[in-house]
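Following: one structure in structure tokens, then a few remarks.
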Amino acid sequence: MRLASLPGVRMKIGLFIPCYIDAFYPNAGIATLELLEKLGQDVDYPMNQTCCGQPMANSGCNKDAAAAEALFVKNFAKYDVIVMPSGSCTHHVRDNFDAIEQTDEVRHVRENTFELVEFLHDVLKVEDFPWAEFPHKVGLHNSCGTLRALRTASMSELGEPFFSKPMDLLNKVRGISFATPKRPDECCGFGGTFSVTEEAVSAKMGADKVRDHHQAGAEYIVSADTSCMMHQQGCAERAGVPIRFIHIAEILNGARE
Amino acid sequence: MKVKPVNHAKAAEAFIEDTAHMDFHDERLWDLRQKRDEQMHLLPEWQDLRARASAIKEHTLANLPEYLEQFETNAKKNGIHVHWAADGAEHNRIVGEILEKHGAKSLIKSKSMVTEECCMREYLEPRGVVVTETDLGERIQQLDNQMPSHIVVPAVHKLIPDVAKIFAEHYHTDPNDNSAQSLAWQQRLAARPVILSADAGMTGGNFVVAETGSFVVCTNEGNADLSATVPGLHIATIGIERLVPRMADMGVFIRMLSRSALGSPITQYTTHFRGPQKGSEMHVVLVDNGRSHRLGMEDFWTSLKCIRCGACMNTCPVYRRSGGLSYGAVYSGPIGAIIDPTFNERKYSTLPFASTMNGSCTNVCPVKINIHEQLYKWRRVLAEHHELPFVKREVMHMAGKIMGQPTLYRAAINSTEAALSTMPRFVLYNWLNPWGKHRELPHPVKQTFHSWYKQNRLKTKKKEGEGA
Ligand code: SF4
């Protein structure tokens, strides 16, 4: 049962901050926390958190994901909902988190884990970000996890009517405009350990991705996934493509640059 | 003998270094994907068709023995000779015997991936049979002594000057002839006499219809029809999974095949073969070669639904940038990565990792194969069967340990925080060197989120707690 779908229940939120954000993009984590607080939420960050288990599981080493998954449940089972500014981690917890026994606690955690955009859009149904203004042209990058697993936007391959939860939220930000790349939902090539084991293909995909956004006139690439952006930023800097990167939480939280 | 896993990453790197070829390859296949999208938008019932196609295939596969027998009975009634081949060797032997019986020394064939699977050319040629590919792309690949790099457009990784060079070498044409038309004409001139004098013709089969005992071949060049009808001896080599129960099912598949493959409403030629012409012979060789084994694999049997349209390859951002030959297998791209390991687990153990699992392949697949989920499952199977490189296994094992213990994790993150010049070492460990080859490392930050939280929230929370 998803507690978050019950109206009027005051939720206790556990905040999960993935390692990339913790170590390299703390501002995205801070913005997520501040934004949820601004929206009147009761948010807690369990200090003993580590990882959701995804890197091991995606490499096929599912058994090696068990300890991380068990710890994740230990840290987060006491919350009504778990929110994280990462689509791929959410996808792992929701869809693939099976290295450990599926107890009631585990099921509770899996059913009540949300990626930030879907939480704001579907659960809190936020109408307005009065503090947010971002007078820039941005290119939106939906990670494959958010797009094709969490389905936060329509997918070009299916020919379904257009929708985009991240764009719905960003449209509530004053002054923002969007650039339309030629291949909006092509994967950027991060892919976790793929970025290292298939380094050449990964970097080529990343360079193509940032060029596509740049040529469409984007000043910034905005995304709900920091891992994709870490990769893309590395590719853009090496290729000399002048484009900046910002997490969607930062814009929604009122970042000015 | 110890088989070495295919080094996809290395081959892909070489492919990428040749920018002109790679960019063309990427654009050409992306264009096919775009055309496929246009066709999809023209058919409001596209998603229904996919669901139907998938259901028909699943039903057929679930009842495969019955439908195969039904086909055999009906095909025999139509005067077709039906043969069963358990594997590639048996297939080659059967074909060899048919040819021998007819004293056939020259075989023209249209594209068939199954014969590639069986390494038929390598079997027949030492036995004195000259095999000539009649599909333009496949012929280019044959002359260049390469496998097809794509199941629908076999030479898509080549540019016109490459073809001009190959033709110059074999047909003595102008090596600087850069006109596609004139090169195609040269191929026509070279192929016609071979076709007209061939002793036997071979085709594949896109669909086999149980109810009518017939089979359907879809091509754009008409070369299959020539191969089948000119010599008077037609052998069709077909995988047992190509079956559909009824002729009416063709209404679903024919509408999807070329739209998915090339973004054209239908192939130029869709030929239904129902039996031999007067005075000629028709043979169908039904090939298993691992298919019934795959049918028994709980997580992977639905890969047998594949109608070989190539849409998953065209949409795959990894395939487009690495080229089909980098997979080192008969089947490349996403579909290759999930079926190749069933042929040889060790050799193709790297292929399920040659993917970001982005899922675009699954979305375009006309028969709804959950390709990216099968890639994920293959990774697990391969890890369980110890087919992962030692370093990766060790790193993941260590990472798993660190991630399970907050203090170890914090120490790892903090050493990153202190050095802040490398990736989190617990994630990438010592294969992190490749990160920086074509990419910059992330920038150092002053403070991790964890320590920021401690400073800015925990303290106030504590104070509030004390105050209350
Ligand atoms: S897996 Fe699907 S998309 Fe790929 S070739 Fe087969 S039918 Fe086509």
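To be explicit about the labels: the chains of the structure tokens are called A, B, and onward in the order shown, and within each one the residues are counted from 1, while ligands get numbers from 1 in the order they are shown.
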
Might you pull out every residue within 12 Å of Asp177 (chain B), with only C-alpha atoms counted and same-chain residues fewer than 3 positions away left off, and present them as a list in words?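 Non-adjacent residues within range: Ile160, Pro161, Asp162, Val163, Ala164, Lys165, Ile166, Phe167, Ala168, His172, Thr173, Asp174, Ala180, Gln181, Ser182, Leu183, Ala184, Trp185 and Gln186 of chain B.
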
Which residues of chain B have any atom within 8 Å of an atom in ligand 1 when counting only C-alpha atoms and all ligand atoms, and what is the closest pair of atoms for each, with the distance in Å to one decimal? Order the rows by chain and rising number and write it as a tab-separated table.
```
residue	atom	partner	partner_atom_place_in_ligand_line	distance
B:Ile151	CA	ligand 1	5 (S)	7.8
B:Leu257	CA	ligand 1	8 (Fe)	8.0
B:Ser260	CA	ligand 1	8 (Fe)	7.1
B:Ala261	CA	ligand 1	8 (Fe)	7.2
B:Ser303	CA	ligand 1	1 (S)	6.7
B:Lys305	CA	ligand 1	7 (S)	6.9
B:Cys306	CA	ligand 1	6 (Fe)	3.7
B:Ile307	CA	ligand 1	7 (S)	4.3
B:Arg308	CA	ligand 1	5 (S)	3.8
B:Cys309	CA	ligand 1	8 (Fe)	3.9
B:Gly310	CA	ligand 1	5 (S)	3.8
B:Ala311	CA	ligand 1	3 (S)	4.3
B:Cys312	CA	ligand 1	3 (S)	4.0
B:Met313	CA	ligand 1	4 (Fe)	6.5
B:Pro334	CA	ligand 1	4 (Fe)	6.8
B:Ile335	CA	ligand 1	1 (S)	4.8
B:Cys361	CA	ligand 1	3 (S)	6.3
B:Thr362	CA	ligand 1	3 (S)	7.2
B:Val364	CA	ligand 1	3 (S)	5.9
B:Cys365	CA	ligand 1	3 (S)	3.6
B:Pro366	CA	ligand 1	7 (S)	5.6
B:Val367	CA	ligand 1	7 (S)	5.6
B:Lys368	CA	ligand 1	2 (Fe)	6.6
B:Ile369	CA	ligand 1	2 (Fe)	5.9
B:Ile371	CA	ligand 1	1 (S)	6.8
```

Expected file contents, prior selection, N, CA, C and O atoms, as a compact mmCIF listing (two decimals), in the first residue's frame:
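Contents of part.txt, as written:
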```txt
# COMPACT_ATOMS: atom_id res chain seq x y z
N ILE B 151 21.44 -7.22 -39.64
CA ILE B 151 20.64 -8.32 -40.18
C ILE B 151 19.77 -7.89 -41.35
O ILE B 151 19.28 -8.72 -42.10
N LEU B 257 6.67 -5.65 -40.37
CA LEU B 257 8.07 -5.98 -40.64
C LEU B 257 8.84 -4.84 -41.30
O LEU B 257 9.82 -4.34 -40.75
N SER B 260 8.97 -1.50 -39.38
CA SER B 260 9.94 -1.50 -38.28
C SER B 260 11.37 -1.48 -38.79
O SER B 260 12.24 -0.82 -38.23
N ALA B 261 11.58 -2.20 -39.89
CA ALA B 261 12.94 -2.38 -40.37
C ALA B 261 13.48 -1.14 -41.06
O ALA B 261 14.55 -0.64 -40.73
N SER B 303 12.82 -14.35 -26.56
CA SER B 303 13.68 -13.82 -27.62
C SER B 303 13.41 -14.55 -28.94
O SER B 303 13.74 -14.04 -30.01
N LYS B 305 10.64 -14.81 -30.27
CA LYS B 305 9.57 -14.11 -30.99
C LYS B 305 10.12 -13.27 -32.13
O LYS B 305 9.39 -12.83 -33.00
N CYS B 306 11.41 -13.00 -32.06
CA CYS B 306 12.06 -12.06 -32.99
C CYS B 306 11.73 -12.34 -34.46
O CYS B 306 11.82 -13.46 -34.92
N ILE B 307 11.35 -11.27 -35.18
CA ILE B 307 11.12 -11.43 -36.63
C ILE B 307 12.27 -10.82 -37.43
O ILE B 307 12.14 -10.56 -38.63
N ARG B 308 13.37 -10.53 -36.77
CA ARG B 308 14.60 -10.05 -37.44
C ARG B 308 14.38 -8.79 -38.27
O ARG B 308 14.81 -8.72 -39.42
N CYS B 309 13.72 -7.83 -37.66
CA CYS B 309 13.47 -6.58 -38.39
C CYS B 309 14.64 -5.62 -38.25
O CYS B 309 14.80 -4.69 -39.04
N GLY B 310 15.43 -5.78 -37.21
CA GLY B 310 16.59 -4.90 -37.02
C GLY B 310 16.27 -3.57 -36.37
O GLY B 310 17.16 -2.73 -36.18
N ALA B 311 15.00 -3.34 -36.00
CA ALA B 311 14.65 -2.04 -35.41
C ALA B 311 15.41 -1.78 -34.11
O ALA B 311 15.81 -0.65 -33.82
N CYS B 312 15.63 -2.85 -33.34
CA CYS B 312 16.35 -2.66 -32.08
C CYS B 312 17.78 -2.23 -32.32
O CYS B 312 18.37 -1.49 -31.52
N MET B 313 18.35 -2.64 -33.45
CA MET B 313 19.72 -2.24 -33.78
C MET B 313 19.73 -0.78 -34.22
O MET B 313 20.59 0.00 -33.81
N PRO B 334 21.21 -5.22 -29.91
CA PRO B 334 20.49 -5.69 -28.73
C PRO B 334 19.99 -7.12 -28.83
O PRO B 334 20.17 -7.92 -27.91
N ILE B 335 19.41 -7.49 -29.99
CA ILE B 335 18.91 -8.86 -30.10
C ILE B 335 20.07 -9.84 -30.07
O ILE B 335 19.99 -10.91 -29.45
N CYS B 361 15.35 -0.22 -27.29
CA CYS B 361 15.16 -1.43 -28.10
C CYS B 361 13.82 -2.10 -27.80
O CYS B 361 13.07 -2.47 -28.70
N THR B 362 13.52 -2.23 -26.52
CA THR B 362 12.27 -2.87 -26.10
C THR B 362 11.07 -2.10 -26.67
O THR B 362 10.10 -2.70 -27.12
N VAL B 364 10.85 -0.26 -29.39
CA VAL B 364 10.62 -0.33 -30.84
C VAL B 364 10.29 -1.74 -31.31
O VAL B 364 9.78 -1.92 -32.41
N CYS B 365 10.59 -2.73 -30.50
CA CYS B 365 10.44 -4.11 -30.95
C CYS B 365 8.98 -4.43 -31.32
O CYS B 365 8.09 -4.32 -30.49
N PRO B 366 8.73 -4.81 -32.58
CA PRO B 366 7.36 -5.04 -33.02
C PRO B 366 6.69 -6.24 -32.34
O PRO B 366 5.47 -6.34 -32.35
N VAL B 367 7.49 -7.14 -31.77
CA VAL B 367 6.89 -8.29 -31.10
C VAL B 367 7.09 -8.20 -29.58
O VAL B 367 6.95 -9.19 -28.85
N LYS B 368 7.40 -7.01 -29.12
CA LYS B 368 7.45 -6.72 -27.68
C LYS B 368 8.38 -7.64 -26.89
O LYS B 368 8.01 -8.12 -25.81
N ILE B 369 9.56 -7.88 -27.39
CA ILE B 369 10.54 -8.61 -26.59
C ILE B 369 11.12 -7.63 -25.58
O ILE B 369 11.51 -6.52 -25.95
N ILE B 371 13.77 -6.70 -24.37
CA ILE B 371 15.21 -6.89 -24.62
C ILE B 371 16.07 -6.37 -23.47
O ILE B 371 16.96 -7.07 -22.99
```

At most 7 Å to chain B: residues in chain A, only C-alpha atoms, as a PyMOL selection string: chain A and resi 22-24+26+29-30+48-51+56+58-62+64-65+67-68+71+144+148+157-159+187+189+191+194-196+198-201+203+230+234-235+237-238

If we count only C-alpha atoms and set the cut-off at 10 Å, which residues sit around Glu90 (chain B), ignoring sequence neighbours fewer than 5 positions away in its own chain? Please answer as an MDAnalysis selection string. chainID B and resid 84:85 95:96 118 285 287:289

Put those residues in a file: N, CA and C atoms, as a PDB file, in the first residue's frame.
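The resulting result-v7.pdb:
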```pdb
ATOM      1  N   TRP B  84      14.662 -31.847 -41.279  1.00  0.00           N
ATOM      2  CA  TRP B  84      14.862 -31.331 -39.923  1.00  0.00           C
ATOM      3  C   TRP B  84      16.337 -31.348 -39.586  1.00  0.00           C
ATOM      4  N   ALA B  85      16.855 -30.220 -39.125  1.00  0.00           N
ATOM      5  CA  ALA B  85      18.270 -30.151 -38.767  1.00  0.00           C
ATOM      6  C   ALA B  85      18.403 -29.743 -37.307  1.00  0.00           C
ATOM      7  N   VAL B  95      21.963 -29.996 -46.758  1.00  0.00           N
ATOM      8  CA  VAL B  95      22.058 -29.154 -47.956  1.00  0.00           C
ATOM      9  C   VAL B  95      23.082 -29.745 -48.919  1.00  0.00           C
ATOM     10  N   GLY B  96      24.213 -30.173 -48.364  1.00  0.00           N
ATOM     11  CA  GLY B  96      25.257 -30.771 -49.193  1.00  0.00           C
ATOM     12  C   GLY B  96      24.738 -31.983 -49.956  1.00  0.00           C
ATOM     13  N   CYS B 118      25.047 -21.371 -39.336  1.00  0.00           N
ATOM     14  CA  CYS B 118      25.521 -22.736 -39.573  1.00  0.00           C
ATOM     15  C   CYS B 118      26.889 -22.763 -40.252  1.00  0.00           C
ATOM     16  N   VAL B 285      14.500 -26.706 -45.109  1.00  0.00           N
ATOM     17  CA  VAL B 285      15.267 -27.279 -44.007  1.00  0.00           C
ATOM     18  C   VAL B 285      14.936 -26.479 -42.747  1.00  0.00           C
ATOM     19  N   VAL B 287      15.615 -25.566 -39.106  1.00  0.00           N
ATOM     20  CA  VAL B 287      16.817 -25.637 -38.289  1.00  0.00           C
ATOM     21  C   VAL B 287      16.515 -25.320 -36.823  1.00  0.00           C
ATOM     22  N   ASP B 288      16.985 -26.183 -35.951  1.00  0.00           N
ATOM     23  CA  ASP B 288      16.855 -25.938 -34.513  1.00  0.00           C
ATOM     24  C   ASP B 288      18.078 -25.157 -34.028  1.00  0.00           C
ATOM     25  N   ASN B 289      19.236 -25.761 -34.074  1.00  0.00           N
ATOM     26  CA  ASN B 289      20.488 -25.120 -33.679  1.00  0.00           C
ATOM     27  C   ASN B 289      20.370 -24.290 -32.391  1.00  0.00           C
TER      28      ASN B 289
END
```

Could you pull out all residues of region 11-77 of chain A with a DSSP call of helix (DSSP H, G or I) and give them as a PyMOL selection string? chain A and resi 19-24+26-38+54-58+62-76

List every residue of region 123-321 of chain B that DSSP, applied to the backbone, labels as strand (DSSP E), and write the result as a PyMOL selection string. chain B and resi 130-133+200-203+207-209+214-219+233-239+243-244+269-273+281-287

Within 8 Å of region 119-132 of chain A, counting only C-alpha atoms, which residues qualify if same-chain residues fewer than 5 places away don't, as a PyMOL selection string? chain A and resi 4-5+83+114+165+169+172-174+251-255

Closest to Thr32 (chain A) among A:Glu111, A:Pro46, A:Ile17, A:Ala236, using only C-alpha atoms?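 Going through A:Glu111, A:Pro46, A:Ile17, A:Ala236 one by one, the smallest distance to Thr32 (chain A) is for A:Ile17.
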
Exercise: region 54-67 of chain B partners within 10 Å, only C-alpha atoms, chain neighbours under 6 positions left out, as a PDB file with N, CA and C atoms, in the first residue's frame:
```
ATOM      1  N   ASP B  48      -1.625  -1.847 -30.858  1.00  0.00           N
ATOM      2  CA  ASP B  48      -2.460  -3.060 -30.922  1.00  0.00           C
ATOM      3  C   ASP B  48      -1.779  -4.134 -31.755  1.00  0.00           C
ATOM      4  N   THR B  73       3.123 -31.634 -42.481  1.00  0.00           N
ATOM      5  CA  THR B  73       2.082 -32.366 -43.200  1.00  0.00           C
ATOM      6  C   THR B  73       1.592 -31.574 -44.407  1.00  0.00           C
ATOM      7  N   VAL B 208       6.776 -18.846 -41.704  1.00  0.00           N
ATOM      8  CA  VAL B 208       6.348 -20.161 -42.144  1.00  0.00           C
ATOM      9  C   VAL B 208       4.913 -20.332 -41.653  1.00  0.00           C
ATOM     10  N   VAL B 209       4.012 -20.658 -42.563  1.00  0.00           N
ATOM     11  CA  VAL B 209       2.603 -20.731 -42.186  1.00  0.00           C
ATOM     12  C   VAL B 209       2.175 -22.191 -42.035  1.00  0.00           C
ATOM     13  N   ALA B 210       1.795 -22.570 -40.831  1.00  0.00           N
ATOM     14  CA  ALA B 210       1.469 -23.969 -40.549  1.00  0.00           C
ATOM     15  C   ALA B 210       0.233 -24.415 -41.329  1.00  0.00           C
ATOM     16  N   GLU B 211      -0.791 -23.575 -41.296  1.00  0.00           N
ATOM     17  CA  GLU B 211      -2.082 -23.926 -41.875  1.00  0.00           C
ATOM     18  C   GLU B 211      -2.002 -24.239 -43.368  1.00  0.00           C
ATOM     19  N   ILE B 240      13.264 -22.796 -36.770  1.00  0.00           N
ATOM     20  CA  ILE B 240      11.948 -23.347 -36.395  1.00  0.00           C
ATOM     21  C   ILE B 240      11.049 -22.329 -35.701  1.00  0.00           C
ATOM     22  N   GLU B 241      11.642 -21.200 -35.275  1.00  0.00           N
ATOM     23  CA  GLU B 241      10.820 -20.215 -34.561  1.00  0.00           C
ATOM     24  C   GLU B 241      10.058 -19.306 -35.515  1.00  0.00           C
ATOM     25  N   ARG B 242      10.269 -19.479 -36.814  1.00  0.00           N
ATOM     26  CA  ARG B 242       9.649 -18.579 -37.790  1.00  0.00           C
ATOM     27  C   ARG B 242       8.191 -18.909 -38.085  1.00  0.00           C
ATOM     28  N   LEU B 243       7.641 -19.838 -37.341  1.00  0.00           N
ATOM     29  CA  LEU B 243       6.301 -20.322 -37.602  1.00  0.00           C
ATOM     30  C   LEU B 243       5.199 -19.354 -37.157  1.00  0.00           C
ATOM     31  N   VAL B 244       4.144 -19.297 -37.923  1.00  0.00           N
ATOM     32  CA  VAL B 244       2.893 -18.698 -37.447  1.00  0.00           C
ATOM     33  C   VAL B 244       1.787 -19.686 -37.786  1.00  0.00           C
ATOM     34  N   PRO B 245       0.703 -19.679 -37.007  1.00  0.00           N
ATOM     35  CA  PRO B 245      -0.330 -20.690 -37.253  1.00  0.00           C
ATOM     36  C   PRO B 245      -1.086 -20.490 -38.560  1.00  0.00           C
ATOM     37  N   ARG B 246      -1.573 -19.269 -38.809  1.00  0.00           N
ATOM     38  CA  ARG B 246      -2.536 -19.104 -39.899  1.00  0.00           C
ATOM     39  C   ARG B 246      -2.065 -18.082 -40.929  1.00  0.00           C
ATOM     40  N   ASP B 249      -2.525 -14.468 -39.999  1.00  0.00           N
ATOM     41  CA  ASP B 249      -1.539 -13.810 -39.142  1.00  0.00           C
ATOM     42  C   ASP B 249      -0.586 -12.936 -39.946  1.00  0.00           C
ATOM     43  N   VAL B 252      -0.883  -9.240 -39.818  1.00  0.00           N
ATOM     44  CA  VAL B 252      -0.253  -8.504 -38.720  1.00  0.00           C
ATOM     45  C   VAL B 252       1.239  -8.301 -39.006  1.00  0.00           C
ATOM     46  N   PHE B 253       1.900  -9.392 -39.354  1.00  0.00           N
ATOM     47  CA  PHE B 253       3.371  -9.321 -39.438  1.00  0.00           C
ATOM     48  C   PHE B 253       3.865  -8.556 -40.658  1.00  0.00           C
ATOM     49  N   SER B 292      15.410 -24.920 -29.476  1.00  0.00           N
ATOM     50  CA  SER B 292      14.530 -25.588 -28.498  1.00  0.00           C
ATOM     51  C   SER B 292      15.126 -25.497 -27.098  1.00  0.00           C
ATOM     52  N   LEU B 295      14.094 -22.176 -25.956  1.00  0.00           N
ATOM     53  CA  LEU B 295      12.665 -22.188 -25.642  1.00  0.00           C
ATOM     54  C   LEU B 295      12.427 -22.635 -24.197  1.00  0.00           C
ATOM     55  N   TRP B 301      13.176 -17.222 -23.266  1.00  0.00           N
ATOM     56  CA  TRP B 301      12.519 -17.889 -24.393  1.00  0.00           C
ATOM     57  C   TRP B 301      11.803 -16.906 -25.316  1.00  0.00           C
ATOM     58  N   THR B 302      11.360 -15.774 -24.775  1.00  0.00           N
ATOM     59  CA  THR B 302      10.600 -14.849 -25.637  1.00  0.00           C
ATOM     60  C   THR B 302      11.488 -14.190 -26.692  1.00  0.00           C
ATOM     61  N   LEU B 304      12.767 -15.710 -28.863  1.00  0.00           N
ATOM     62  CA  LEU B 304      12.420 -16.459 -30.075  1.00  0.00           C
ATOM     63  C   LEU B 304      11.267 -15.820 -30.856  1.00  0.00           C
ATOM     64  N   LYS B 305      10.637 -14.813 -30.268  1.00  0.00           N
ATOM     65  CA  LYS B 305       9.568 -14.115 -30.992  1.00  0.00           C
ATOM     66  C   LYS B 305      10.121 -13.269 -32.130  1.00  0.00           C
ATOM     67  N   CYS B 306      11.410 -13.005 -32.062  1.00  0.00           N
ATOM     68  CA  CYS B 306      12.062 -12.059 -32.995  1.00  0.00           C
ATOM     69  C   CYS B 306      11.730 -12.336 -34.458  1.00  0.00           C
ATOM     70  N   ILE B 307      11.353 -11.270 -35.181  1.00  0.00           N
ATOM     71  CA  ILE B 307      11.118 -11.426 -36.628  1.00  0.00           C
ATOM     72  C   ILE B 307      12.271 -10.820 -37.430  1.00  0.00           C
ATOM     73  N   CYS B 365      10.591  -2.728 -30.503  1.00  0.00           N
ATOM     74  CA  CYS B 365      10.436  -4.111 -30.954  1.00  0.00           C
ATOM     75  C   CYS B 365       8.985  -4.425 -31.325  1.00  0.00           C
ATOM     76  N   PRO B 366       8.735  -4.814 -32.576  1.00  0.00           N
ATOM     77  CA  PRO B 366       7.360  -5.041 -33.018  1.00  0.00           C
ATOM     78  C   PRO B 366       6.692  -6.236 -32.339  1.00  0.00           C
ATOM     79  N   VAL B 367       7.492  -7.139 -31.771  1.00  0.00           N
ATOM     80  CA  VAL B 367       6.893  -8.289 -31.099  1.00  0.00           C
ATOM     81  C   VAL B 367       7.087  -8.204 -29.579  1.00  0.00           C
ATOM     82  N   LYS B 368       7.397  -7.014 -29.122  1.00  0.00           N
ATOM     83  CA  LYS B 368       7.451  -6.718 -27.685  1.00  0.00           C
ATOM     84  C   LYS B 368       8.376  -7.640 -26.887  1.00  0.00           C
ATOM     85  N   ILE B 369       9.557  -7.876 -27.394  1.00  0.00           N
ATOM     86  CA  ILE B 369      10.537  -8.610 -26.588  1.00  0.00           C
ATOM     87  C   ILE B 369      11.122  -7.625 -25.579  1.00  0.00           C
TER      88      ILE B 369
END
```

Near Val194 (chain B), within 12 Å and counting only C-alpha atoms, which residues show up once chain neighbours fewer than 3 positions away are dropped, as a ChimeraX atom specification? /B:105-109,130-134,187-191,197-201,226-227,230-231

Measuring between only C-alpha atoms, which one of A:Arg151, A:His92, A:Lys74, A:His141 shows the shortest distance to Val210 (chain A)? A:His141

If you count only C-alpha atoms, which residues fall within 7 Å of Ser349 (chain B), apart from same-chain ones fewer than 5 positions away, as an MDAnalysis selection string? chainID B and resid 5 341 382 387

Gap from CA of Thr267 (chain B) to CA of Ser326 (chain B) - Å, one decimal: 28.1 Å

To one decimal place in Å, what is the distance between CA of His91 (chain A) and CA of Ala66 (chain A)?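 Value for the CA of His91 (chain A)-CA of Ala66 (chain A) distance: 16.4 Å.
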
Using only C-alpha atoms, which residue out of A:Asp44, A:Val81, A:Ile100, A:Glu219 lies closest to Leu116 (chain A)?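 Smallest distance to Leu116 (chain A) is found for A:Val81.
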
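Nearest residue to Asp225 (chain A), choosing from A:Ala77, A:Ile246, A:Val138, A:Ala153 and counting only C-alpha atoms: A:Ile246.
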